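Shown next: entry_19.txt, given as compact mmCIF, C-alpha atoms and all ligand atoms.
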# COMPACT_ATOMS: atom_id res chain seq x y z
CA MET A 1 166.10 95.96 117.07
CA SER A 2 168.42 98.10 119.09
CA GLY A 3 167.30 101.60 118.07
CA ASN A 4 165.29 103.55 120.57
CA GLU A 5 161.99 105.28 119.95
CA THR A 6 163.35 108.83 120.03
CA PHE A 7 165.61 107.93 117.12
CA THR A 8 162.71 107.18 114.79
CA GLU A 9 159.60 108.94 113.53
CA THR A 10 156.46 106.88 113.12
CA ALA A 11 153.38 108.00 111.15
CA GLU A 12 150.06 106.36 111.93
CA ALA A 13 148.30 108.65 109.44
CA CYS A 14 149.19 109.66 105.89
CA ARG A 15 151.77 112.47 105.81
CA ASN A 16 149.87 113.97 102.91
CA CYS A 17 146.12 113.62 103.55
CA ASN A 18 145.99 112.43 107.16
CA THR A 19 143.97 109.26 106.47
CA SER A 20 144.90 106.52 108.91
CA MET A 21 147.00 103.77 107.35
CA ALA A 22 148.71 100.50 108.23
CA PRO A 23 151.69 98.67 106.68
CA PHE A 24 150.90 95.88 104.20
CA MET A 25 154.23 94.17 104.94
CA SER A 26 157.47 94.59 106.86
CA PHE A 27 161.05 94.12 105.65
CA GLY A 28 162.12 94.05 109.29
CA PRO A 29 164.63 96.23 111.16
CA GLN A 30 167.12 98.08 108.95
CA PRO A 31 170.28 100.17 109.25
CA ILE A 32 170.54 103.66 107.78
CA ALA A 33 171.06 102.74 104.14
CA GLN A 34 174.03 104.99 103.38
CA ASN A 35 175.71 104.75 106.77
CA PHE A 36 178.88 103.28 105.31
CA VAL A 37 181.34 102.36 108.05
CA ALA A 38 185.12 102.93 108.17
CA ALA A 39 187.07 99.69 107.77
CA ASP A 40 188.73 100.13 111.16
CA ALA A 41 185.53 101.10 112.99
CA GLY A 42 185.06 99.36 116.30
CA PRO A 43 181.88 97.60 117.38
CA GLU A 44 180.62 100.87 118.85
CA ALA A 45 180.31 102.42 115.37
CA HIS A 46 176.81 103.66 114.92
CA ASP A 47 175.51 101.23 112.35
CA ASP A 48 172.73 99.53 114.26
CA LEU A 49 169.40 98.35 112.96
CA CYS A 50 167.44 101.42 113.90
CA TYR A 51 164.02 101.51 112.22
CA GLU A 52 161.49 99.08 110.86
CA LEU A 53 161.00 99.19 107.08
CA ALA A 54 157.26 98.87 106.68
CA PRO A 55 155.56 100.40 103.62
CA CYS A 56 151.93 101.56 103.73
CA LEU A 57 149.65 102.51 100.87
CA CYS A 58 147.42 105.40 101.90
CA PRO A 59 143.79 104.44 101.25
CA GLY A 60 142.90 108.14 101.02
CA CYS A 61 145.28 109.55 98.38
CA GLY A 62 147.21 106.51 97.09
CA LEU A 63 150.60 107.74 98.34
CA MET A 64 152.98 104.89 99.16
CA GLN A 65 155.03 105.72 102.23
CA LEU A 66 157.15 104.26 104.98
CA GLN A 67 155.50 104.19 108.35
CA GLN A 68 158.71 104.48 110.36
CA LEU A 69 161.82 106.47 109.50
CA PRO A 70 165.10 107.30 111.21
CA ALA A 71 165.43 110.95 112.27
CA GLU A 72 166.10 113.00 109.12
CA ASP A 73 169.39 114.47 110.39
CA CYS A 74 170.87 110.95 110.37
CA LEU A 75 170.37 110.59 106.61
CA PHE A 76 171.36 113.75 104.78
CA SER A 77 174.58 114.84 106.41
CA PRO A 78 176.82 117.53 104.85
CA SER A 79 179.04 114.67 103.59
CA TYR A 80 176.16 112.82 101.83
CA ALA A 81 177.96 110.36 99.50
CA TYR A 82 175.62 110.10 96.49
CA ARG A 83 176.91 111.80 93.33
CA THR A 84 174.97 112.10 90.09
CA THR A 85 178.26 111.85 88.20
CA ALA A 86 178.59 108.21 89.36
CA SER A 87 176.40 107.40 86.34
CA THR A 88 177.31 108.78 82.93
CA ARG A 89 173.80 107.95 81.68
CA MET A 90 172.26 109.92 84.54
CA VAL A 91 174.44 112.92 83.69
CA HIS A 92 173.31 112.69 80.03
CA HIS A 93 169.73 112.38 81.15
CA LEU A 94 170.00 115.57 83.23
CA GLU A 95 171.77 117.41 80.40
CA GLU A 96 168.83 116.51 78.17
CA LEU A 97 166.37 117.71 80.78
CA ALA A 98 168.34 120.98 81.05
CA GLY A 99 168.07 121.33 77.25
CA ASP A 100 164.28 120.74 77.43
CA VAL A 101 163.89 123.33 80.19
CA ALA A 102 166.01 125.88 78.28
CA SER A 103 163.85 125.44 75.15
CA MET A 104 160.68 125.68 77.22
CA LEU A 105 161.85 129.06 78.55
CA HIS A 106 163.46 130.39 75.37
CA ASP A 107 160.87 133.15 74.80
CA ARG A 108 161.03 134.50 78.36
CA ARG A 109 163.09 137.49 79.28
CA ALA A 110 165.78 136.63 81.86
CA PRO A 111 164.24 133.34 83.02
CA PHE A 112 165.09 132.03 86.48
CA VAL A 113 165.42 128.30 87.25
CA ILE A 114 165.58 126.75 90.72
CA GLU A 115 166.69 123.21 91.38
CA ILE A 116 165.78 121.46 94.61
CA GLY A 117 168.58 119.05 95.60
CA CYS A 118 171.14 120.11 92.97
CA ASN A 119 173.79 117.64 94.21
CA ASP A 120 177.00 118.03 92.14
CA GLY A 121 175.40 120.43 89.65
CA SER A 122 174.89 117.95 86.79
CA PHE A 123 171.52 119.51 85.84
CA LEU A 124 172.29 123.19 86.48
CA ALA A 125 175.78 123.30 84.93
CA PRO A 126 174.43 123.17 81.33
CA LEU A 127 172.01 126.01 82.18
CA ALA A 128 174.87 128.00 83.76
CA ARG A 129 176.86 127.52 80.52
CA ARG A 130 173.91 128.94 78.58
CA GLY A 131 173.92 131.99 80.87
CA ILE A 132 170.51 131.19 82.39
CA ARG A 133 169.96 132.62 85.86
CA HIS A 134 169.62 129.76 88.31
CA LEU A 135 169.97 128.65 91.92
CA GLY A 136 170.44 125.19 93.41
CA ILE A 137 169.36 124.38 96.96
CA ASP A 138 171.07 121.46 98.66
CA PRO A 139 172.16 120.76 102.25
CA ALA A 140 175.13 118.58 101.20
CA THR A 141 178.20 120.83 101.54
CA LYS A 142 180.66 118.60 99.67
CA ALA A 143 178.36 118.03 96.70
CA ALA A 144 177.63 121.79 96.62
CA GLU A 145 181.37 122.53 96.37
CA GLU A 146 181.55 120.28 93.31
CA ALA A 147 178.56 122.09 91.79
CA ARG A 148 180.19 125.49 92.40
CA ALA A 149 183.34 124.30 90.67
CA LYS A 150 181.13 123.87 87.57
CA GLY A 151 179.92 127.48 87.76
CA VAL A 152 176.63 126.65 89.51
CA ARG A 153 175.13 128.98 92.15
CA VAL A 154 174.18 127.00 95.24
CA CYS A 155 172.46 127.82 98.50
CA VAL A 156 173.50 125.18 101.05
CA ASP A 157 170.28 124.58 102.94
CA ARG A 158 167.22 122.39 103.23
CA PHE A 159 164.19 123.11 101.06
CA THR A 160 161.44 124.35 103.38
CA PRO A 161 158.53 126.80 102.99
CA ARG A 162 160.54 129.34 104.96
CA LYS A 163 163.60 129.00 102.73
CA ALA A 164 161.40 129.17 99.62
CA THR A 165 159.75 132.40 100.80
CA GLU A 166 163.18 133.90 101.59
CA ILE A 167 164.43 133.05 98.09
CA ALA A 168 161.24 134.33 96.42
CA CYS A 169 161.69 137.65 98.28
CA SER A 170 165.38 138.05 97.50
CA GLU A 171 165.54 136.61 93.98
CA GLY A 172 162.01 136.89 92.65
CA PRO A 173 159.70 134.11 91.42
CA ALA A 174 161.02 131.14 89.46
CA ASP A 175 159.97 130.38 85.89
CA ALA A 176 160.83 126.75 86.51
CA VAL A 177 161.33 124.72 89.67
CA ILE A 178 162.96 121.34 89.09
CA GLY A 179 163.53 118.38 91.41
CA THR A 180 164.97 115.10 90.17
CA ASN A 181 165.14 112.17 92.60
CA VAL A 182 164.59 114.44 95.56
CA ILE A 183 160.89 115.20 96.06
CA ALA A 184 160.23 111.65 97.30
CA HIS A 185 163.04 112.15 99.84
CA LEU A 186 161.43 115.16 101.53
CA ARG A 187 159.21 113.80 104.25
CA ASP A 188 157.23 117.01 104.88
CA ILE A 189 155.25 116.58 101.67
CA ARG A 190 152.73 119.32 102.50
CA GLY A 191 155.60 121.70 103.29
CA THR A 192 157.28 120.79 99.98
CA ALA A 193 154.09 121.57 98.02
CA GLU A 194 153.70 124.87 99.88
CA ALA A 195 157.37 125.77 99.28
CA VAL A 196 157.14 125.07 95.53
CA ALA A 197 153.97 127.18 95.32
CA ALA A 198 155.74 130.01 97.16
CA LEU A 199 158.52 130.08 94.58
CA LEU A 200 156.71 129.55 91.32
CA ALA A 201 155.90 132.49 89.01
CA SER A 202 152.22 132.73 88.05
CA ASP A 203 153.00 131.09 84.68
CA GLY A 204 155.87 128.98 86.03
CA ILE A 205 156.32 125.24 85.66
CA PHE A 206 157.27 122.74 88.33
CA ILE A 207 158.84 119.52 87.10
CA PHE A 208 159.81 116.62 89.26
CA GLU A 209 161.10 113.15 88.54
CA ALA A 210 160.77 110.24 90.89
CA ILE A 211 160.81 106.46 90.93
CA TYR A 212 157.40 105.29 89.73
CA LEU A 213 155.25 103.11 91.95
CA GLY A 214 154.02 101.11 88.93
CA ALA A 215 157.62 100.16 88.07
CA ILE A 216 158.18 98.81 91.59
CA LEU A 217 155.04 96.70 91.44
CA LYS A 218 155.79 95.38 87.97
CA ARG A 219 159.35 94.29 88.75
CA THR A 220 158.87 93.42 92.44
CA ALA A 221 161.64 95.98 93.00
CA PHE A 222 161.29 95.84 96.78
CA ASP A 223 164.73 97.39 97.32
CA GLN A 224 163.43 100.76 96.13
CA PHE A 225 161.99 100.91 99.66
CA TYR A 226 164.57 102.31 102.09
CA ASP A 227 164.95 105.20 104.50
CA GLU A 228 165.72 107.90 101.91
CA HIS A 229 162.45 107.23 100.09
CA PRO A 230 159.70 108.04 102.57
CA PHE A 231 157.37 108.31 99.55
CA THR A 232 156.87 106.58 96.23
CA PHE A 233 154.60 108.42 93.82
CA SER A 234 152.02 107.25 91.37
CA ALA A 235 150.30 109.77 89.07
CA LEU A 236 147.25 109.66 91.33
CA ALA A 237 149.27 110.40 94.46
CA ALA A 238 151.41 113.11 92.82
CA ARG A 239 148.31 114.91 91.55
CA HIS A 240 146.76 114.81 95.01
CA ALA A 241 149.90 115.90 96.90
CA PHE A 242 150.40 119.14 94.96
CA ALA A 243 146.71 119.99 94.42
CA GLN A 244 146.44 121.30 97.98
CA ALA A 245 148.99 124.00 97.14
CA GLY A 246 147.02 125.04 94.04
CA LEU A 247 149.25 123.16 91.59
CA GLU A 248 147.72 121.09 88.80
CA LEU A 249 149.28 118.06 87.11
CA VAL A 250 149.49 119.08 83.45
CA ASP A 251 151.85 116.57 81.89
CA ILE A 252 153.49 113.27 82.59
CA ARG A 253 156.11 111.19 80.86
CA PRO A 254 157.93 107.96 81.72
CA VAL A 255 161.71 108.32 82.02
CA PRO A 256 164.06 105.32 81.85
CA VAL A 257 166.25 106.17 84.86
CA GLN A 258 166.52 104.84 88.41
CA GLY A 259 164.87 101.57 87.41
CA GLY A 260 161.69 103.21 86.08
CA SER A 261 160.74 106.80 86.87
CA MET A 262 158.07 109.30 85.90
CA ARG A 263 158.46 112.99 85.05
CA TYR A 264 155.55 115.06 86.39
CA ALA A 265 154.88 118.65 85.28
CA PHE A 266 152.67 121.03 87.26
CA ALA A 267 151.37 124.55 86.68
CA ARG A 268 149.21 126.81 88.79
CA ARG A 269 145.61 125.62 88.61
CA GLY A 270 143.86 126.74 85.43
CA LYS A 271 147.03 128.07 83.75
CA ARG A 272 147.59 125.16 81.33
CA THR A 273 145.40 122.45 79.86
CA PRO A 274 146.41 119.01 81.15
CA SER A 275 147.67 116.73 78.37
CA ARG A 276 146.09 113.42 77.29
CA ALA A 277 149.07 111.64 78.89
CA VAL A 278 147.77 112.60 82.34
CA THR A 279 144.28 111.13 81.87
CA ASP A 280 145.73 108.09 80.09
CA LEU A 281 148.10 107.25 82.93
CA LEU A 282 145.47 107.81 85.62
CA ARG A 283 143.22 105.37 83.72
CA ARG A 284 146.02 102.86 83.34
CA GLU A 285 146.74 103.00 87.07
CA GLU A 286 143.13 102.09 87.70
CA ALA A 287 143.21 99.28 85.16
CA ILE A 288 146.30 97.65 86.71
CA GLU A 289 144.82 98.18 90.20
CA LEU A 290 147.96 100.01 91.30
CA HIS A 291 146.25 101.29 94.45
CA ASP A 292 144.47 98.07 95.29
CA PRO A 293 145.61 96.43 98.57
CA ALA A 294 145.29 93.00 96.88
CA ALA A 295 148.01 93.96 94.38
CA TRP A 296 150.36 94.79 97.26
CA ALA A 297 149.49 91.64 99.19
CA ALA A 298 150.59 89.69 96.10
CA PHE A 299 153.74 91.85 95.92
CA ALA A 300 154.53 90.93 99.55
CA GLU A 301 154.19 87.24 98.62
CA ARG A 302 156.62 87.64 95.72
CA CYS A 303 159.12 89.44 98.01
CA ALA A 304 158.97 86.55 100.48
CA GLN A 305 159.65 84.07 97.67
CA ILE A 306 162.75 86.04 96.60
CA ARG A 307 163.96 86.27 100.19
CA ASN A 308 163.53 82.54 100.74
CA LYS A 309 165.51 81.69 97.60
CA LEU A 310 168.28 84.27 97.44
CA ARG A 311 170.73 83.13 100.12
CA PRO A 312 170.38 79.40 99.31
CA THR A 313 171.02 80.23 95.63
CA ILE A 314 174.17 82.19 96.51
CA GLU A 315 175.39 79.36 98.74
CA LEU A 316 174.84 76.87 95.95
CA LEU A 317 176.70 79.04 93.42
CA ARG A 318 179.61 79.54 95.84
CA ASN A 319 179.93 75.83 96.42
CA ARG A 320 179.82 75.11 92.71
CA ASP A 321 181.68 78.04 91.07
CA GLY A 322 183.65 79.87 93.76
CA PRO A 323 183.34 83.33 95.32
CA VAL A 324 180.26 85.48 94.98
CA ALA A 325 180.59 89.27 95.21
CA ALA A 326 178.16 92.14 94.59
CA TYR A 327 178.23 95.26 92.41
CA GLY A 328 177.07 98.73 93.43
CA ALA A 329 177.20 99.85 97.07
CA THR A 330 173.76 101.31 96.56
CA ALA A 331 171.47 102.59 99.25
CA LYS A 332 168.88 100.08 98.10
CA SER A 333 171.26 97.16 98.71
CA ALA A 334 170.76 97.69 102.46
CA THR A 335 167.19 96.44 102.09
CA VAL A 336 168.25 93.37 100.09
CA ILE A 337 171.11 92.49 102.42
CA THR A 338 169.12 92.80 105.62
CA TYR A 339 165.77 91.44 104.43
CA CYS A 340 167.33 88.47 102.61
CA GLY A 341 169.82 87.71 105.42
CA LEU A 342 173.02 88.25 103.38
CA ASP A 343 176.39 88.89 105.01
CA ARG A 344 180.16 88.56 104.57
CA GLU A 345 179.92 84.80 104.72
CA VAL A 346 178.19 84.71 101.36
CA ILE A 347 179.18 88.04 99.73
CA ASP A 348 182.94 88.64 99.69
CA CYS A 349 182.84 92.30 98.75
CA VAL A 350 180.87 94.95 96.86
CA TYR A 351 182.51 96.63 93.84
CA ASP A 352 181.80 100.31 93.28
CA THR A 353 183.19 103.26 91.31
CA THR A 354 182.40 106.00 93.88
CA PRO A 355 185.70 107.23 95.40
CA ASP A 356 184.00 108.22 98.68
CA LYS A 357 182.61 104.69 99.20
CA ILE A 358 185.71 102.65 98.33
CA GLY A 359 187.48 101.20 101.37
CA LEU A 360 184.41 101.52 103.60
CA LEU A 361 182.09 98.74 104.76
CA THR A 362 178.38 98.41 104.03
CA PRO A 363 176.17 99.47 106.94
CA TYR A 364 175.44 96.79 109.54
CA SER A 365 176.46 93.83 107.32
CA ARG A 366 179.96 95.31 107.06
CA ILE A 367 180.82 93.91 103.66
CA PRO A 368 183.98 95.59 102.26
CA ILE A 369 183.59 97.97 99.30
CA ARG A 370 186.31 97.53 96.67
CA PRO A 371 187.10 99.62 93.59
CA ALA A 372 185.15 98.48 90.54
CA GLY A 373 188.45 98.63 88.62
CA ARG A 374 189.48 95.46 90.46
CA LEU A 375 186.59 93.38 89.16
CA PRO A 376 188.23 92.08 85.95
CA GLU A 377 191.32 91.00 87.87
CA ASP A 378 189.35 89.35 90.70
CA THR A 379 186.57 87.91 88.53
CA PRO A 380 184.50 86.10 91.15
CA GLY A 381 182.25 83.38 89.74
CA HIS A 382 179.06 85.40 90.23
CA VAL A 383 178.29 89.01 91.04
CA LEU A 384 174.97 90.01 92.56
CA LEU A 385 173.89 93.18 90.76
CA PHE A 386 172.74 95.65 93.41
CA ALA A 387 172.98 98.58 90.94
CA TRP A 388 170.46 96.92 88.59
CA ASN A 389 169.07 100.34 87.68
CA HIS A 390 172.33 100.96 85.76
CA LEU A 391 172.37 97.54 84.08
CA SER A 392 173.26 98.58 80.53
CA GLU A 393 175.93 101.08 81.62
CA ILE A 394 177.52 98.49 83.90
CA GLU A 395 177.37 95.78 81.24
CA ASP A 396 179.15 98.15 78.85
CA ARG A 397 181.81 98.97 81.43
CA GLU A 398 182.42 95.46 82.77
CA THR A 399 182.92 93.50 79.57
CA ALA A 400 186.27 92.10 80.78
CA PHE A 401 184.55 90.43 83.74
CA ARG A 402 182.09 88.76 81.38
CA ALA A 403 184.80 87.80 78.93
CA LYS A 404 186.63 85.99 81.75
CA GLY A 405 183.54 83.90 82.46
CA GLY A 406 181.99 85.94 85.30
CA ARG A 407 178.19 85.91 85.51
CA TRP A 408 175.69 88.43 86.85
CA LEU A 409 173.17 87.33 89.43
CA HIS A 410 169.84 89.20 89.40
CA TYR A 411 167.31 89.04 92.21
CA HIS A 412 164.17 90.57 90.72
CA PRO A 413 161.68 90.18 89.16
CA ASP A 414 163.09 86.64 89.55
CA ILE A 415 166.39 85.21 90.72
CA LEU A 416 168.35 84.72 87.53
CA VAL A 417 171.93 84.01 86.46
CA ASP A 418 172.85 85.84 83.27
P1 LIG B 1 172.37 104.55 92.77
O1 LIG B 1 171.87 104.32 91.42
O2 LIG B 1 172.49 105.94 93.25
O3 LIG B 1 171.46 103.72 93.74
P2 LIG B 1 170.93 104.11 95.20
O4 LIG B 1 170.03 105.29 95.00
O5 LIG B 1 170.20 102.87 95.63
O6 LIG B 1 172.13 104.41 96.06
O7 LIG B 1 173.78 103.88 93.00
C1 LIG B 1 174.55 103.35 92.03
C2 LIG B 1 175.85 102.86 92.65
O8 LIG B 1 176.50 102.04 91.70
C3 LIG B 1 176.78 104.00 93.01
O9 LIG B 1 177.41 103.73 94.26
C4 LIG B 1 177.82 103.96 91.89
C5 LIG B 1 177.80 102.53 91.46
N1 LIG B 1 178.12 102.32 90.04
C6 LIG B 1 179.23 101.57 89.71
O10 LIG B 1 179.95 101.09 90.63
N2 LIG B 1 179.52 101.36 88.39
C7 LIG B 1 178.75 101.87 87.39
O11 LIG B 1 179.04 101.67 86.20
C8 LIG B 1 177.59 102.65 87.74
C9 LIG B 1 176.71 103.22 86.70
C10 LIG B 1 177.31 102.85 89.10
Write out the structure in this file as structure tokens.
Ligand code: TYD
Amino acid sequence: MSGNETFTETAEACRNCNTSMAPFMSFGPQPIAQNFVAADAGPEAHDDLCYELAPCLCPGCGLMQLQQLPAEDCLFSPSYAYRTTASTRMVHHLEELAGDVASMLHDRRAPFVIEIGCNDGSFLAPLARRGIRHLGIDPATKAAEEARAKGVRVCVDRFTPRKATEIACSEGPADAVIGTNVIAHLRDIRGTAEAVAALLASDGIFIFEAIYLGAILKRTAFDQFYDEHPFTFSALAARHAFAQAGLELVDIRPVPVQGGSMRYAFARRGKRTPSRAVTDLLRREEAIELHDPAAWAAFAERCAQIRNKLRPTIELLRNRDGPVAAYGATAKSATVITYCGLDREVIDCVYDTTPDKIGLLTPYSRIPIRPAGRLPEDTPGHVLLFAWNHLSEIEDRETAFRAKGGRWLHYHPDILVD
């Protein structure tokens, strides 16, 4: 590991409840997951292994978190590459959520909606079209420009208690605060809870969506652990994290995005009666022992089995059926590549549709990223599916690859050629 200690932040105690905690496994040293490198970058390019990926399950509040993280400024730069519009299904999902929020607020006079991490405006644009007052907060300048082009109001900044108080003073309280795939990214969890509470109207609703811990355990989806996800929530942990700011978990619903997510709804304590879904899920989490260290020790075992088999399987397939490539230059692929010891010798390239990623190299492993449009023409024998969370959308798009005899290679819950 070549990173130095000032470059990383290490938590010995839970960032939420301060209970001391220890990792149950390590995926070893990792690069910054979205630090894609220019094709002509020299060896000095800053794509070192810089932090150790070691998840911990807090014994106090059940919050899964990464003990060590690279400094935050290294991750969310103004040119942050992720775009919601990379997935048509994700855009539809957010349009549906916008519709749900609009109906929820239909009887309020001049409702105000705030989105934390509005990215390219996929969620707020439908509300803007309905004439609903709104504001997105996002530090990524380029994504914010795209949101503005869709008629979305954006404040380019980080979401902090100070920013939230400023907005509450200048714009008034929010009837709804929304955060999809962002709350688990914000490592000051107590500050996030405080900031939401500062913004929310007394009868306001806070909704957030995040990858669900139960889905990771069930599928052995170890690649959901990487630097941009300091936290992974369960219902138990989500309820605990926002309770300290006076917010109560009042509803919960599974959502089929990002490989298995949960939508959590909060209100100020005592303002709404929690639904049956909340108690049911909390009970189910107990029944499946989601917060039991033994469940995560078994998970670590399954991860090691995948790691031990993946590269030999790829080598075998290459020898038998020709080149192996990958699909989806995802952030989570950094964990798979590094933990499972993959490199350019076994993966020729990664196909992707994101214009900003094409032509670059994956961080550290430096595997070239090629346009997904080239896949049918190239048709390697097997393609390792890094963007497994978009399986059905990708299968629909890449029928020509299949028709020419190409096969997908999956790596969890088991290694499987399909
Ligand atoms: P994403 O789901 O955001 O994963 P992560 O959070 O781990 O980065 O990334 C999906 C990637 O897959 C993104 O780079 C776009 C790419 N992609 C395709 O190349 N083709 C597709 O059909 C879809 C849906 C995504």
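With distances taken over all atoms listed in the file, A:Pro355 is the one residue among A:Pro380, A:Pro111, A:Pro173, A:Pro355 lying closest to Ala81 of chain A.
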Near-ligand residues for ligand LIG 1 (chain B), threshold 8 Å, all atoms listed in the file, as a compact mmCIF listing (two decimals) with C-alpha atoms, in the frame of the given file:
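Output saved as out_2.txt:
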# COMPACT_ATOMS: atom_id res chain seq x y z
CA GLN A 34 174.03 104.99 103.38
CA TYR A 82 175.62 110.10 96.49
CA ARG A 83 176.91 111.80 93.33
CA THR A 84 174.97 112.10 90.09
CA ALA A 86 178.59 108.21 89.36
CA SER A 87 176.40 107.40 86.34
CA THR A 88 177.31 108.78 82.93
CA ARG A 89 173.80 107.95 81.68
CA ASP A 223 164.73 97.39 97.32
CA GLN A 224 163.43 100.76 96.13
CA GLN A 258 166.52 104.84 88.41
CA TYR A 327 178.23 95.26 92.41
CA GLY A 328 177.07 98.73 93.43
CA ALA A 329 177.20 99.85 97.07
CA THR A 330 173.76 101.31 96.56
CA ALA A 331 171.47 102.59 99.25
CA LYS A 332 168.88 100.08 98.10
CA SER A 333 171.26 97.16 98.71
CA TYR A 351 182.51 96.63 93.84
CA ASP A 352 181.80 100.31 93.28
CA THR A 353 183.19 103.26 91.31
CA THR A 354 182.40 106.00 93.88
CA LYS A 357 182.61 104.69 99.20
CA PRO A 371 187.10 99.62 93.59
CA ALA A 372 185.15 98.48 90.54
CA PHE A 386 172.74 95.65 93.41
CA ALA A 387 172.98 98.58 90.94
CA ASN A 389 169.07 100.34 87.68
CA HIS A 390 172.33 100.96 85.76
CA LEU A 391 172.37 97.54 84.08
CA GLU A 393 175.93 101.08 81.62
CA ILE A 394 177.52 98.49 83.90
CA GLU A 395 177.37 95.78 81.24
CA ARG A 397 181.81 98.97 81.43
CA GLU A 398 182.42 95.46 82.77
Legend entry - Minimum-distance residue to Ala143 of chain A, chosen among A:Ser122, A:Thr232, A:Asn35, A:Ser20 (using only C-alpha atoms): A:Ser122
Inset, instruction - Go through A:Arg130, A:Lys142, A:Lys150, A:His229 and flag the residue nearest Pro70 of chain A, using all atoms listed in the file for the distances. - result: A:His229
Inset, instruction - Quick one: residues within 12 Å of (183.6, 84.0, 81.1) (file frame), counting all atoms listed in the file, please, as a VMD selection string. - result: chain A and resid 321 376 379 to 382 398 to 408 418
Residues of the last selection are to be written out with C-alpha atoms, as an mmCIF file, in the coordinates of the input.
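New file part.cif:
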data_model
loop_
_atom_site.group_PDB
_atom_site.id
_atom_site.type_symbol
_atom_site.label_atom_id
_atom_site.label_comp_id
_atom_site.auth_asym_id
_atom_site.auth_seq_id
_atom_site.Cartn_x
_atom_site.Cartn_y
_atom_site.Cartn_z
ATOM 1 C CA ASP A 321 181.680 78.040 91.070
ATOM 2 C CA PRO A 376 188.230 92.080 85.950
ATOM 3 C CA THR A 379 186.570 87.910 88.530
ATOM 4 C CA PRO A 380 184.500 86.100 91.150
ATOM 5 C CA GLY A 381 182.250 83.380 89.740
ATOM 6 C CA HIS A 382 179.060 85.400 90.230
ATOM 7 C CA GLU A 398 182.420 95.460 82.770
ATOM 8 C CA THR A 399 182.920 93.500 79.570
ATOM 9 C CA ALA A 400 186.270 92.100 80.780
ATOM 10 C CA PHE A 401 184.550 90.430 83.740
ATOM 11 C CA ARG A 402 182.090 88.760 81.380
ATOM 12 C CA ALA A 403 184.800 87.800 78.930
ATOM 13 C CA LYS A 404 186.630 85.990 81.750
ATOM 14 C CA GLY A 405 183.540 83.900 82.460
ATOM 15 C CA GLY A 406 181.990 85.940 85.300
ATOM 16 C CA ARG A 407 178.190 85.910 85.510
ATOM 17 C CA TRP A 408 175.690 88.430 86.850
ATOM 18 C CA ASP A 418 172.850 85.840 83.270
#
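Coordinates place atom CA of Leu213 of chain A at a distance of 19.6 Å from atom CA of Ala13 of chain A.
In terms of minimum interatomic distance to His185 of chain A, A:Ile211 ranks closest within A:Leu127, A:Ile211, A:Ala304, A:Cys340, counting all atoms listed in the file.
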Generate a file for segment 23-31 of chain A, containing N, CA, C and O atoms, as a PDB file, in the first residue's frame.
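Saved result, result-v8.pdb, follows:
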ATOM      1  N   PRO A  23     -13.209  -4.294  11.916  1.00  0.00           N
ATOM      2  CA  PRO A  23     -13.625  -4.901  10.647  1.00  0.00           C
ATOM      3  C   PRO A  23     -13.837  -6.414  10.791  1.00  0.00           C
ATOM      4  O   PRO A  23     -13.143  -7.058  11.575  1.00  0.00           O
ATOM      5  N   PHE A  24     -14.815  -6.958  10.047  1.00  0.00           N
ATOM      6  CA  PHE A  24     -14.993  -8.414  10.059  1.00  0.00           C
ATOM      7  C   PHE A  24     -14.254  -9.067   8.902  1.00  0.00           C
ATOM      8  O   PHE A  24     -14.140 -10.281   8.830  1.00  0.00           O
ATOM      9  N   MET A  25     -13.753  -8.245   7.967  1.00  0.00           N
ATOM     10  CA  MET A  25     -12.928  -8.766   6.869  1.00  0.00           C
ATOM     11  C   MET A  25     -12.230  -7.593   6.201  1.00  0.00           C
ATOM     12  O   MET A  25     -12.572  -6.438   6.458  1.00  0.00           O
ATOM     13  N   SER A  26     -11.260  -7.912   5.319  1.00  0.00           N
ATOM     14  CA  SER A  26     -10.622  -6.858   4.541  1.00  0.00           C
ATOM     15  C   SER A  26     -10.568  -7.292   3.078  1.00  0.00           C
ATOM     16  O   SER A  26     -10.270  -8.452   2.784  1.00  0.00           O
ATOM     17  N   PHE A  27     -10.878  -6.352   2.182  1.00  0.00           N
ATOM     18  CA  PHE A  27     -10.731  -6.608   0.749  1.00  0.00           C
ATOM     19  C   PHE A  27      -9.367  -6.112   0.270  1.00  0.00           C
ATOM     20  O   PHE A  27      -9.106  -6.068  -0.926  1.00  0.00           O
ATOM     21  N   GLY A  28      -8.532  -5.687   1.219  1.00  0.00           N
ATOM     22  CA  GLY A  28      -7.184  -5.257   0.884  1.00  0.00           C
ATOM     23  C   GLY A  28      -7.141  -3.817   0.399  1.00  0.00           C
ATOM     24  O   GLY A  28      -8.155  -3.119   0.347  1.00  0.00           O
ATOM     25  N   PRO A  29      -5.925  -3.366   0.031  1.00  0.00           N
ATOM     26  CA  PRO A  29      -5.752  -1.982  -0.438  1.00  0.00           C
ATOM     27  C   PRO A  29      -6.471  -1.751  -1.761  1.00  0.00           C
ATOM     28  O   PRO A  29      -6.489  -2.638  -2.621  1.00  0.00           O
ATOM     29  N   GLN A  30      -7.034  -0.561  -1.908  1.00  0.00           N
ATOM     30  CA  GLN A  30      -7.862  -0.246  -3.087  1.00  0.00           C
ATOM     31  C   GLN A  30      -7.510   1.122  -3.660  1.00  0.00           C
ATOM     32  O   GLN A  30      -7.096   2.019  -2.932  1.00  0.00           O
ATOM     33  N   PRO A  31      -7.770   1.303  -4.954  1.00  0.00           N
ATOM     34  CA  PRO A  31      -7.659   2.658  -5.535  1.00  0.00           C
ATOM     35  C   PRO A  31      -8.964   3.411  -5.305  1.00  0.00           C
ATOM     36  O   PRO A  31      -9.971   2.802  -4.929  1.00  0.00           O
TER      37      PRO A  31
END
